[in-house]
$ cat input_24.tsv   # TSV, C-alpha atoms
chain	number	residue	atom	x	y	z
A	1	MET	CA	42.54	60.52	75.48
A	2	LEU	CA	40.85	63.67	76.80
A	3	ARG	CA	37.48	61.94	76.56
A	4	GLU	CA	38.79	58.89	78.43
A	5	TYR	CA	40.18	61.14	81.17
A	6	GLY	CA	36.84	62.92	81.43
A	7	GLN	CA	34.93	59.64	81.64
A	8	LEU	CA	37.28	58.36	84.35
A	9	LYS	CA	36.84	61.58	86.30
A	10	GLN	CA	33.04	61.34	86.09
A	11	GLU	CA	33.08	57.73	87.27
A	12	LEU	CA	35.36	58.52	90.23
A	13	ARG	CA	33.23	61.52	91.14
A	14	ARG	CA	30.13	59.31	91.16
A	15	ARG	CA	31.84	56.88	93.56
A	16	VAL	CA	32.89	59.72	95.88
A	17	LEU	CA	29.34	61.08	95.94
A	18	GLU	CA	28.06	57.63	96.91
A	19	GLN	CA	30.30	57.62	99.98
A	20	LEU	CA	29.49	61.12	101.23
A	21	ASP	CA	27.40	61.36	104.38
A	22	TYR	CA	24.53	63.70	103.54
A	23	GLY	CA	23.17	63.51	107.07
A	24	ARG	CA	25.76	65.97	108.38
A	25	GLU	CA	28.15	68.69	107.20
A	26	GLN	CA	31.47	67.15	106.22
A	27	THR	CA	34.72	69.10	106.34
A	28	ASP	CA	37.06	69.55	103.40
A	29	CYS	CA	39.54	67.17	105.05
A	30	GLU	CA	36.91	64.45	105.32
A	31	VAL	CA	35.94	64.87	101.67
A	32	MET	CA	39.60	64.67	100.66
A	33	GLU	CA	40.02	61.47	102.65
A	34	ILE	CA	37.08	59.90	100.80
A	35	ILE	CA	38.60	60.98	97.46
A	36	ASP	CA	41.92	59.37	98.42
A	37	GLU	CA	40.17	56.11	99.37
A	38	VAL	CA	38.38	56.00	96.02
A	39	LEU	CA	41.58	56.72	94.11
A	40	LEU	CA	43.50	53.97	95.94
A	41	LYS	CA	40.90	51.41	94.86
A	42	GLU	CA	41.11	52.39	91.19
A	43	ASP	CA	43.62	50.09	89.45
A	44	SER	CA	43.76	52.10	86.21
A	45	LEU	CA	45.35	55.03	88.07
A	46	ARG	CA	48.58	53.08	88.50
A	47	LEU	CA	49.30	53.71	84.81
A	48	LEU	CA	48.98	57.48	85.23
A	49	PRO	CA	52.04	59.67	85.96
A	50	VAL	CA	52.23	61.07	89.49
A	51	GLY	CA	51.47	64.57	88.22
A	52	GLU	CA	48.30	63.40	86.46
A	53	SER	CA	47.11	61.55	89.57
A	54	HIS	CA	47.63	64.66	91.69
A	55	ARG	CA	45.78	66.76	89.11
A	56	LEU	CA	42.87	64.30	89.10
A	57	ARG	CA	42.71	64.39	92.91
A	58	THR	CA	42.61	68.20	92.92
A	59	GLU	CA	40.00	68.37	90.16
A	60	LEU	CA	37.75	65.92	91.95
A	61	PHE	CA	37.90	67.99	95.12
A	62	CYS	CA	37.25	71.25	93.27
A	63	SER	CA	34.28	69.71	91.44
A	64	LEU	CA	32.73	68.80	94.79
A	65	ARG	CA	33.64	71.64	97.14
A	66	ARG	CA	34.91	74.50	94.97
A	67	LEU	CA	34.17	75.94	91.51
A	68	ASP	CA	35.23	72.89	89.47
A	69	ILE	CA	37.54	73.84	86.57
A	70	LEU	CA	37.15	77.54	87.39
A	71	GLN	CA	38.94	77.22	90.72
A	72	ASN	CA	42.47	77.36	89.29
A	73	LEU	CA	41.47	80.28	87.07
A	74	VAL	CA	40.11	82.45	89.88
A	75	GLU	CA	43.27	81.72	91.90
A	76	ASP	CA	45.64	82.67	89.05
A	77	PRO	CA	47.05	86.16	89.83
A	78	GLU	CA	47.81	86.82	86.15
A	79	ILE	CA	44.16	86.43	85.08
A	80	THR	CA	41.98	89.52	85.33
A	81	GLU	CA	38.88	88.34	83.44
A	82	ILE	CA	37.21	84.97	82.90
A	83	MET	CA	34.56	84.64	80.17
A	84	ILE	CA	32.44	81.49	79.93
A	85	ASN	CA	30.29	81.25	76.80
A	86	GLY	CA	28.41	78.07	77.61
A	87	PRO	CA	29.99	74.81	78.85
A	88	ASN	CA	32.34	74.37	75.86
A	89	SER	CA	33.92	77.79	75.47
A	90	ILE	CA	36.13	79.54	78.05
A	91	PHE	CA	38.22	82.65	77.42
A	92	VAL	CA	40.47	84.53	79.84
A	93	GLU	CA	42.30	87.82	79.85
A	94	ARG	CA	45.84	87.17	81.03
A	95	THR	CA	48.27	90.09	81.40
A	96	GLY	CA	46.07	92.19	79.12
A	97	ARG	CA	45.67	89.61	76.33
A	98	LEU	CA	42.60	87.54	75.48
A	99	GLN	CA	43.08	83.81	74.92
A	100	GLU	CA	40.84	80.77	74.55
A	101	LEU	CA	41.49	77.88	76.91
A	102	ASP	CA	41.54	74.21	75.98
A	103	MET	CA	39.15	73.21	78.76
A	104	ARG	CA	35.44	72.74	79.15
A	105	PHE	CA	32.81	71.74	81.67
A	106	GLU	CA	31.69	68.12	81.76
A	107	SER	CA	28.16	69.19	80.86
A	108	GLU	CA	25.82	72.15	80.93
A	109	GLU	CA	24.33	70.72	84.12
A	110	LYS	CA	27.72	70.95	85.82
A	111	LEU	CA	28.08	74.59	84.77
A	112	GLN	CA	24.59	75.22	86.13
A	113	ASP	CA	25.65	73.67	89.46
A	114	VAL	CA	28.67	75.98	89.67
A	115	ILE	CA	26.48	79.00	88.89
A	116	GLN	CA	24.02	78.09	91.64
A	117	GLN	CA	26.92	77.65	94.04
A	118	ILE	CA	28.21	81.15	93.19
A	119	VAL	CA	24.88	82.95	93.58
A	120	ALA	CA	23.98	81.06	96.76
A	121	GLY	CA	27.24	82.25	98.32
A	122	CYS	CA	26.09	85.88	98.19
A	123	ASN	CA	22.38	85.32	98.83
A	124	ARG	CA	21.30	85.83	95.22
A	125	ALA	CA	19.14	83.71	92.91
A	126	VAL	CA	19.17	83.10	89.16
A	127	ASN	CA	16.72	81.03	87.13
A	128	GLU	CA	14.50	81.22	84.04
A	129	ALA	CA	12.18	83.70	85.76
A	130	SER	CA	15.14	85.92	86.73
A	131	PRO	CA	17.90	85.05	84.23
A	132	ILE	CA	20.31	87.97	84.85
A	133	VAL	CA	22.16	88.51	88.12
A	134	ASP	CA	25.27	90.21	89.49
A	135	ALA	CA	27.12	88.33	92.21
A	136	ARG	CA	30.57	88.05	93.74
A	137	LEU	CA	32.99	85.38	94.86
A	138	SER	CA	34.30	85.07	98.40
A	139	GLY	CA	37.60	86.62	97.32
A	140	GLY	CA	35.85	89.74	96.00
A	141	ALA	CA	35.77	88.92	92.27
A	142	ARG	CA	32.75	90.38	90.45
A	143	VAL	CA	30.47	87.94	88.62
A	144	ASN	CA	27.81	88.60	85.99
A	145	ILE	CA	25.55	85.72	84.97
A	146	VAL	CA	23.08	85.50	82.09
A	147	MET	CA	21.02	82.33	81.76
A	148	ASN	CA	18.46	80.79	79.43
A	149	PRO	CA	16.18	81.89	77.87
A	150	VAL	CA	18.06	85.19	77.47
A	151	ALA	CA	21.41	83.53	76.64
A	152	LEU	CA	20.99	81.44	73.49
A	153	ASN	CA	24.32	79.56	73.57
A	154	GLY	CA	24.14	78.34	77.15
A	155	PRO	CA	24.81	80.00	80.51
A	156	ILE	CA	27.12	83.02	80.17
A	157	VAL	CA	29.38	83.84	83.11
A	158	THR	CA	31.78	86.80	83.21
A	159	ILE	CA	34.13	87.06	86.18
A	160	ARG	CA	36.17	90.21	86.82
A	161	ARG	CA	39.04	89.26	89.08
A	162	PHE	CA	40.75	91.91	91.21
A	163	PRO	CA	44.33	91.78	92.53
A	164	ASP	CA	44.89	89.76	95.70
A	165	THR	CA	46.83	92.71	97.14
A	166	PRO	CA	45.16	96.11	96.59
A	167	ILE	CA	47.10	98.29	94.15
A	168	THR	CA	48.66	101.43	95.62
A	169	MET	CA	49.27	104.82	94.07
A	170	GLU	CA	52.99	104.06	94.00
A	171	GLU	CA	52.25	101.02	91.86
A	172	LEU	CA	50.15	103.09	89.44
A	173	ILE	CA	52.97	105.64	89.16
A	174	ARG	CA	55.46	102.82	88.50
A	175	ARG	CA	53.18	101.51	85.73
A	176	GLU	CA	53.02	105.05	84.30
A	177	THR	CA	49.24	105.19	84.71
A	178	LEU	CA	49.69	108.76	85.90
A	179	SER	CA	52.51	111.10	86.92
A	180	ARG	CA	53.69	111.66	90.47
A	181	GLU	CA	52.74	115.34	90.20
A	182	ALA	CA	49.14	114.47	89.25
A	183	ALA	CA	48.98	111.85	92.02
A	184	GLU	CA	50.07	114.44	94.59
A	185	LEU	CA	47.37	116.85	93.42
A	186	LEU	CA	44.71	114.14	93.69
A	187	ARG	CA	45.91	113.29	97.21
A	188	LEU	CA	45.40	116.89	98.31
A	189	LEU	CA	41.99	117.09	96.61
A	190	VAL	CA	40.75	113.93	98.35
A	191	GLN	CA	42.00	115.08	101.74
A	192	ALA	CA	40.39	118.51	101.24
A	193	GLY	CA	37.00	116.93	100.49
A	194	TYR	CA	36.63	117.53	96.75
A	195	ASN	CA	33.83	115.49	95.15
A	196	ILE	CA	35.53	113.32	92.53
A	197	PHE	CA	33.88	111.40	89.68
A	198	ILE	CA	35.90	108.76	87.81
A	199	SER	CA	34.88	107.99	84.24
A	200	GLY	CA	36.16	105.54	81.65
A	201	GLY	CA	35.34	102.63	79.40
A	202	THR	CA	34.94	98.98	80.33
A	203	GLY	CA	38.13	97.55	81.81
A	204	SER	CA	39.83	100.94	82.07
A	205	GLY	CA	40.47	100.53	85.81
A	206	LYS	CA	37.79	102.78	87.35
A	207	THR	CA	37.16	100.59	90.40
A	208	THR	CA	40.88	100.09	91.01
A	209	PHE	CA	41.49	103.83	90.80
A	210	LEU	CA	38.62	104.54	93.19
A	211	ASN	CA	40.14	102.07	95.65
A	212	VAL	CA	43.49	103.84	95.38
A	213	LEU	CA	42.01	107.31	95.92
A	214	SER	CA	40.14	106.06	98.99
A	215	GLY	CA	43.50	105.44	100.62
A	216	TYR	CA	43.83	109.23	101.00
A	217	ILE	CA	40.60	109.60	103.01
A	218	PRO	CA	41.43	110.49	106.64
A	219	ASP	CA	40.90	107.38	108.75
A	220	TRP	CA	38.71	109.15	111.34
A	221	GLU	CA	35.96	109.95	108.81
A	222	ARG	CA	32.79	107.84	108.50
A	223	VAL	CA	32.46	106.45	104.97
A	224	VAL	CA	29.45	104.61	103.50
A	225	THR	CA	29.95	102.57	100.31
A	226	ILE	CA	27.00	101.63	98.09
A	227	GLU	CA	27.30	99.01	95.33
A	228	ASP	CA	25.24	96.70	93.16
A	229	SER	CA	27.66	93.92	94.02
A	230	ALA	CA	30.28	94.61	96.67
A	231	GLU	CA	33.73	94.80	95.11
A	232	LEU	CA	35.39	97.93	96.51
A	233	GLN	CA	38.45	97.33	98.65
A	234	LEU	CA	38.72	100.55	100.65
A	235	GLN	CA	41.79	100.45	102.85
A	236	GLY	CA	42.64	101.91	106.25
A	237	LEU	CA	39.14	103.14	107.15
A	238	ARG	CA	37.99	102.25	110.67
A	239	ASN	CA	34.50	103.74	110.44
A	240	LEU	CA	33.37	102.04	107.23
A	241	VAL	CA	29.81	100.95	106.35
A	242	ARG	CA	29.36	98.70	103.28
A	243	LEU	CA	25.92	98.44	101.65
A	244	GLU	CA	24.88	96.17	98.78
A	245	THR	CA	21.69	96.03	96.72
A	246	ARG	CA	19.29	93.10	96.83
A	247	ASN	CA	17.21	91.65	94.00
A	248	GLY	CA	13.53	90.98	94.48
A	249	ASN	CA	12.27	87.41	94.16
A	250	VAL	CA	9.08	85.40	93.88
A	251	GLU	CA	9.24	84.53	97.56
A	252	GLY	CA	8.26	88.07	98.47
A	253	CYS	CA	11.63	89.71	99.13
A	254	ARG	CA	11.40	93.32	98.02
A	255	GLU	CA	14.10	94.71	95.73
A	256	ILE	CA	16.47	97.12	97.44
A	257	SER	CA	18.03	99.39	94.81
A	258	VAL	CA	20.99	101.75	94.80
A	259	ARG	CA	18.49	104.61	95.17
A	260	ASP	CA	17.09	103.01	98.33
A	261	LEU	CA	20.57	102.58	99.78
A	262	ILE	CA	21.62	106.15	99.02
A	263	ARG	CA	18.55	107.47	100.81
A	264	ALA	CA	19.19	105.16	103.76
A	265	SER	CA	22.84	106.21	103.93
A	266	LEU	CA	21.87	109.85	104.49
A	267	ARG	CA	20.51	108.82	107.91
A	268	MET	CA	23.77	107.10	108.88
A	269	ARG	CA	25.68	110.33	109.53
A	270	PRO	CA	28.24	109.78	106.74
A	271	ASP	CA	31.14	112.15	106.15
A	272	ARG	CA	31.56	110.73	102.66
A	273	ILE	CA	29.43	108.51	100.42
A	274	VAL	CA	31.09	106.30	97.81
A	275	VAL	CA	28.83	104.86	95.10
A	276	GLY	CA	30.60	102.07	93.23
A	277	GLU	CA	29.05	102.93	89.87
A	278	VAL	CA	26.23	105.18	88.68
A	279	ARG	CA	24.24	103.50	85.90
A	280	GLY	CA	20.73	104.95	85.92
A	281	ALA	CA	18.16	106.94	87.86
A	282	GLU	CA	20.24	106.73	91.05
A	283	ALA	CA	22.24	109.62	89.57
A	284	VAL	CA	19.47	111.87	90.94
A	285	ASP	CA	20.11	110.78	94.51
A	286	MET	CA	23.88	110.85	94.01
A	287	MET	CA	23.69	114.50	92.93
A	288	GLN	CA	21.57	115.25	96.00
A	289	CYS	CA	24.33	113.80	98.19
A	290	LEU	CA	27.01	115.87	96.48
A	291	ASN	CA	24.97	119.05	96.93
A	292	THR	CA	23.95	118.53	100.58
A	293	GLY	CA	27.21	118.71	102.48
A	294	HIS	CA	28.79	115.28	101.96
A	295	ASP	CA	32.08	116.69	100.71
A	296	GLY	CA	34.66	114.22	99.51
A	297	SER	CA	32.16	111.77	98.04
A	298	MET	CA	33.18	109.71	95.01
A	299	SER	CA	31.67	107.56	92.28
A	300	THR	CA	32.39	106.09	88.84
A	301	GLY	CA	30.60	105.87	85.51
A	302	HIS	CA	31.05	104.64	81.93
A	303	ALA	CA	31.93	107.26	79.32
A	304	ASN	CA	34.36	107.98	76.48
A	305	SER	CA	35.60	111.30	77.88
A	306	ALA	CA	35.04	113.71	80.74
A	307	ARG	CA	32.67	115.78	78.61
A	308	ASP	CA	30.74	112.67	77.54
A	309	MET	CA	30.38	111.72	81.21
A	310	LEU	CA	28.52	114.95	81.84
A	311	SER	CA	26.09	114.17	79.01
A	312	ARG	CA	25.53	110.69	80.38
A	313	LEU	CA	24.86	112.06	83.85
A	314	GLU	CA	22.28	114.43	82.39
A	315	ASN	CA	20.49	111.53	80.69
A	316	MET	CA	20.60	109.37	83.82
A	317	ILE	CA	19.18	112.17	85.98
A	318	LEU	CA	16.36	112.65	83.45
A	319	MET	CA	15.57	108.94	83.88
A	320	GLY	CA	14.80	109.62	87.54
A	321	ILE	CA	13.22	113.07	87.59
A	322	ASP	CA	11.62	115.46	85.10
A	323	ILE	CA	13.20	118.86	85.60
A	324	PRO	CA	14.65	121.42	83.16
A	325	LEU	CA	18.01	120.56	81.64
A	326	THR	CA	19.48	123.84	82.87
A	327	ALA	CA	18.66	122.91	86.46
A	328	ILE	CA	20.29	119.50	85.98
A	329	ARG	CA	23.47	121.04	84.62
A	330	LYS	CA	23.66	123.50	87.50
A	331	GLN	CA	23.33	120.62	89.96
A	332	ILE	CA	26.09	118.67	88.23
A	333	ALA	CA	28.39	121.70	88.08
A	334	SER	CA	27.76	122.44	91.75
A	335	GLY	CA	28.02	118.84	92.97
A	336	ILE	CA	31.07	117.48	91.15
A	337	ASP	CA	34.41	119.19	91.65
A	338	ILE	CA	36.82	116.96	89.69
A	339	ILE	CA	36.44	114.43	86.86
A	340	VAL	CA	39.23	111.90	86.33
A	341	HIS	CA	38.92	110.09	83.00
A	342	LEU	CA	40.71	106.77	82.44
A	343	GLY	CA	41.28	104.88	79.23
A	344	ARG	CA	42.78	101.73	77.83
A	345	LEU	CA	45.19	102.33	74.98
A	346	ARG	CA	45.86	100.09	71.97
A	347	ASP	CA	48.76	98.40	73.78
A	348	ARG	CA	46.22	97.40	76.50
A	349	SER	CA	47.83	99.70	79.08
A	350	ARG	CA	45.58	101.74	81.38
A	351	LYS	CA	46.21	105.47	81.65
A	352	VAL	CA	44.74	108.55	83.25
A	353	LEU	CA	43.84	110.46	80.09
A	354	GLU	CA	42.35	113.59	81.61
A	355	ILE	CA	41.85	115.36	84.92
A	356	SER	CA	39.41	118.26	84.70
A	357	GLU	CA	37.96	120.70	87.19
A	358	MET	CA	34.29	121.60	87.08
A	359	ILE	CA	34.03	125.40	87.15
A	360	ASP	CA	30.34	126.36	86.82
A	361	CYS	CA	27.34	126.34	84.52
A	362	GLU	CA	27.15	129.48	82.41
A	363	ASP	CA	24.44	130.05	79.77
A	364	SER	CA	23.30	126.42	80.26
A	365	VAL	CA	26.80	125.14	79.40
A	366	ILE	CA	28.99	123.38	81.97
A	367	ARG	CA	32.50	124.84	81.90
A	368	LEU	CA	35.47	122.54	82.48
A	369	ASN	CA	39.02	123.54	83.35
A	370	PRO	CA	41.47	120.89	82.07
A	371	LEU	CA	44.20	120.34	84.67
A	372	TYR	CA	46.05	117.43	83.06
A	373	ARG	CA	45.77	115.69	79.70
A	374	PHE	CA	47.62	112.67	78.34
A	375	GLU	CA	49.65	113.47	75.22
A	376	GLU	CA	50.93	110.58	73.13
A	377	GLN	CA	54.52	110.73	71.90
A	378	GLY	CA	54.80	107.62	69.73
A	379	GLU	CA	55.54	103.94	70.35
A	380	SER	CA	58.47	102.02	71.73
A	381	PRO	CA	60.10	99.23	69.65
A	382	GLU	CA	58.07	96.76	71.73
A	383	GLY	CA	54.81	98.43	70.70
A	384	ARG	CA	54.14	100.25	73.99
A	385	VAL	CA	52.46	103.63	73.69
A	386	GLN	CA	54.74	106.41	74.89
A	387	GLY	CA	53.34	109.61	76.37
A	388	THR	CA	53.03	111.83	79.42
A	389	LEU	CA	50.29	113.44	81.47
A	390	VAL	CA	50.87	117.12	80.70
A	391	ARG	CA	49.67	119.88	83.00
A	392	LYS	CA	47.25	122.17	81.17
A	393	GLY	CA	46.09	124.60	83.83
A	394	ASP	CA	45.84	125.49	87.50
A	395	LEU	CA	43.03	124.81	89.92
A	396	ILE	CA	40.50	127.65	90.00
A	397	ARG	CA	38.03	126.53	92.70
A	398	ASP	CA	40.45	126.32	95.65
A	399	GLN	CA	38.01	127.17	98.45
A	400	LYS	CA	38.04	123.64	99.90
A	401	LEU	CA	41.84	123.51	99.79
A	402	ARG	CA	42.04	126.81	101.66
A	403	ALA	CA	39.47	125.66	104.22
A	404	ALA	CA	41.51	122.51	104.84
A	405	GLY	CA	44.77	124.47	105.11
A	406	LEU	CA	46.24	122.74	102.05
A	407	GLN	CA	46.19	125.54	99.48
A	408	SER	CA	49.86	126.33	100.01
A	409	HIS	CA	50.80	122.75	99.00
A	410	ILE	CA	49.64	123.23	95.39

$ encode --input "input_24.tsv" --output "structure tokens"
Amino acid sequence: MLREYGQLKQELRRRVLEQLDYGREQTDCEVMEIIDEVLLKEDSLRLLPVGESHRLRTELFCSLRRLDILQNLVEDPEITEIMINGPNSIFVERTGRLQELDMRFESEEKLQDVIQQIVAGCNRAVNEASPIVDARLSGGARVNIVMNPVALNGPIVTIRRFPDTPITMEELIRRETLSREAAELLRLLVQAGYNIFISGGTGSGKTTFLNVLSGYIPDWERVVTIEDSAELQLQGLRNLVRLETRNGNVEGCREISVRDLIRASLRMRPDRIVVGEVRGAEAVDMMQCLNTGHDGSMSTGHANSARDMLSRLENMILMGIDIPLTAIRKQIASGIDIIVHLGRLRDRSRKVLEISEMIDCEDSVIRLNPLYRFEEQGESPEGRVQGTLVRKGDLIRDQKLRAAGLQSHI
């Protein structure tokens, strides 16, 4: 029955394509009218329930003007991740749980068409010569694509979907991601211009947390964001500049990297620079920003703990410049003020696991002052991890708070 439905859909789609006017740009309404005309002429549809006919109409339209079977998935607010492992295997993460869907693309060619539609929408290209690309959807969802010959089981597409309405700090407190006391401290640190680095594993909520913290930036400041693929949703900033990298191609377009954008941003008179994620040699330029008067800058990175993030930063800086390790550690200790480490627990909940202050580098060792640390206290009958973010110490480097007149609020 599923095969018969698929064959009917392919035949109807072919008839619609035959009636489209390729000599001009047709609107969505015009395409829908053509679909309705084709459906009215199909006698076999009279045997279908009304709901099935409406579904077929919608699927035909999405296959022509949207993302085919992916359209409903990217519009589902409960889905946070879509994983396509070739045309016959689709998984989603819904409310924190992975599940395989009973749907597939008509063919690998159709999946290829959808991929080309996605990358064309953000001026990117993907093919056998350049089989890996990061892109984004119009709604802001992040897309990673890996094609043949790198992907052996067909085109691989991973879509990270972000909430339609940006999450607020109040929402994170309600979800028990962090305590109200810790949130208030972070608010003061952002307003006072502390350089904050957010670390965590994949899917731990680093980008979401960075978006939330940006809500505390005074709206008169000039902020420049730099990303591989634009996905930040900074709110309430009037003087905002958004920069995105560009891949090189065979047509002669030169690659523009994160390093290039960071250097360019320094000439834009920024008060703060926000780098979506530090992955490699651009850590050198990021540290230069943090040490040259751009107080209040922020970034994220992958790591298993705050201490591990420092080791990763050391390695990434060494990828970009050959200087003594002691000098690197002094730059990190001087540039970063606060590290916020996020994690995803076994119940799939996201938590702030650690907030630490960078003190200094003494005897080639970076000293951290733990301010808050998550302490687990067991599980609820429903299997939810119970615990609290416990205060472990007081802020030592309070010069920026005093300069901003906020020291008395701590």

$ closest_residue --input "input_24.tsv" --among "A:Leu213, A:Leu266, A:Ala283, A:Val258" --to "A:Gly296" --atoms "only C-alpha atoms"
A:Leu213

$ closest_residue --input "input_24.tsv" --among "A:Gln19, A:Thr388, A:Gln399, A:Thr95" --to "A:Ala182" --atoms "only C-alpha atoms"
A:Thr388

$ closest_residue --input "input_24.tsv" --among "A:Ser179, A:Ser364, A:Ser138, A:Gln10" --to "A:Val352" --atoms "only C-alpha atoms"
A:Ser179

$ closest_residue --input "input_24.tsv" --among "A:Val340, A:Arg348, A:Glu106, A:Arg57" --to "A:Arg94" --atoms "all atoms listed in the file"
A:Arg348

$ closest_residue --input "input_24.tsv" --among "A:Gln116, A:Arg142, A:Gln288, A:Gly280" --to "A:Met316" --atoms "all atoms listed in the file"
A:Gly280

$ closest_atom_pairs --input "input_24.tsv" --of "stretch 103-204 of chain A" --to "stretch 71-84 of chain A" --cutoff "8 Å" --atoms "all atoms listed in the file" --output "CSV"
residue,atom,partner,partner_atom,distance
A:Pro155,CA,A:Ile84,CA,7.8
A:Ile156,CA,A:Ile84,CA,5.5
A:Val157,CA,A:Ile84,CA,5.0
A:Thr158,CA,A:Met83,CA,4.7
A:Ile159,CA,A:Ile82,CA,5.0
A:Arg160,CA,A:Glu81,CA,4.7
A:Arg161,CA,A:Thr80,CA,4.8
A:Phe162,CA,A:Thr80,CA,6.5
A:Pro163,CA,A:Pro77,CA,6.8
A:Asp164,CA,A:Pro77,CA,7.2

$ closest_residue --input "input_24.tsv" --among "A:Ile145, A:Ile196, A:Val274, A:Leu172" --to "A:Leu111" --atoms "only C-alpha atoms"
A:Ile145

$ atom_distance --input "input_24.tsv" --atom1 "atom CA of A:Asp219" --atom2 "atom CA of A:Val241"
13.0 Å

$ closest_atom_pairs --input "input_24.tsv" --of "stretch 184-280 of chain A" --to "stretch 324-339 of chain A" --cutoff "12 Å" --atoms "all atoms listed in the file" --output "tab-separated table"
residue	atom	partner	partner_atom	distance
A:Leu185	CA	A:Ile338	CA	11.2
A:Leu186	CA	A:Ile338	CA	9.3
A:Leu189	CA	A:Ile338	CA	8.6
A:Val190	CA	A:Ile338	CA	10.0
A:Ala192	CA	A:Asp337	CA	11.3
A:Gly193	CA	A:Asp337	CA	9.5
A:Tyr194	CA	A:Asp337	CA	5.8
A:Asn195	CA	A:Asp337	CA	5.1
A:Ile196	CA	A:Ile338	CA	4.8
A:Phe197	CA	A:Ile339	CA	4.9
A:Ile198	CA	A:Ile339	CA	5.8
A:Ser199	CA	A:Ile339	CA	7.1
A:Gly200	CA	A:Ile339	CA	10.3
A:Lys206	CA	A:Ile339	CA	11.7
A:Leu210	CA	A:Ile339	CA	11.9

$ residues_near_point --input "input_24.tsv" --point "(32.7, 127.1, 82.4)" --cutoff "12 Å" --atoms "only C-alpha atoms" --output "list in words"
Arg307, Arg329, Lys330, Ala333, Ser334, Ser356, Glu357, Met358, Ile359, Asp360, Cys361, Glu362, Asp363, Ser364, Val365, Ile366, Arg367, Leu368, Asn369, Pro370, Ile396 and Arg397 of chain A

$ atom_distance --input "input_24.tsv" --atom1 "atom CA of A:Val275" --atom2 "atom CA of A:Met298"
6.5 Å

$ atom_distance --input "input_24.tsv" --atom1 "atom CA of A:Ala135" --atom2 "atom CA of A:Glu244"
10.5 Å

$ build_atoms --input "input_24.tsv" --residues "stretch 197-210 of chain A" --atoms "N, CA and C atoms" --output "compact mmCIF listing (two decimals), in the frame of the given file"
# COMPACT_ATOMS: atom_id res chain seq x y z
N PHE A 197 34.58 112.39 90.52
CA PHE A 197 33.88 111.40 89.68
C PHE A 197 34.89 110.80 88.72
N ILE A 198 34.95 109.47 88.67
CA ILE A 198 35.90 108.76 87.81
C ILE A 198 35.15 108.16 86.64
N SER A 199 35.54 108.51 85.43
CA SER A 199 34.88 107.99 84.24
C SER A 199 35.87 107.17 83.41
N GLY A 200 35.31 106.37 82.51
CA GLY A 200 36.16 105.54 81.65
C GLY A 200 35.37 104.42 81.01
N GLY A 201 35.99 103.75 80.07
CA GLY A 201 35.34 102.63 79.40
C GLY A 201 35.45 101.35 80.21
N THR A 202 34.88 100.28 79.66
CA THR A 202 34.94 98.98 80.33
C THR A 202 36.38 98.51 80.43
N GLY A 203 36.77 98.07 81.62
CA GLY A 203 38.13 97.55 81.81
C GLY A 203 39.20 98.60 81.87
N SER A 204 38.82 99.88 82.04
CA SER A 204 39.83 100.94 82.07
C SER A 204 40.45 101.12 83.46
N GLY A 205 39.88 100.46 84.47
CA GLY A 205 40.47 100.53 85.81
C GLY A 205 39.80 101.50 86.74
N LYS A 206 38.50 101.79 86.52
CA LYS A 206 37.79 102.78 87.35
C LYS A 206 37.71 102.34 88.81
N THR A 207 37.31 101.08 89.03
CA THR A 207 37.16 100.59 90.40
C THR A 207 38.51 100.57 91.12
N THR A 208 39.54 100.11 90.42
CA THR A 208 40.88 100.09 91.01
C THR A 208 41.32 101.49 91.39
N PHE A 209 41.07 102.46 90.52
CA PHE A 209 41.49 103.83 90.80
C PHE A 209 40.70 104.41 91.97
N LEU A 210 39.42 104.08 92.06
CA LEU A 210 38.62 104.54 93.19
C LEU A 210 39.15 103.96 94.50
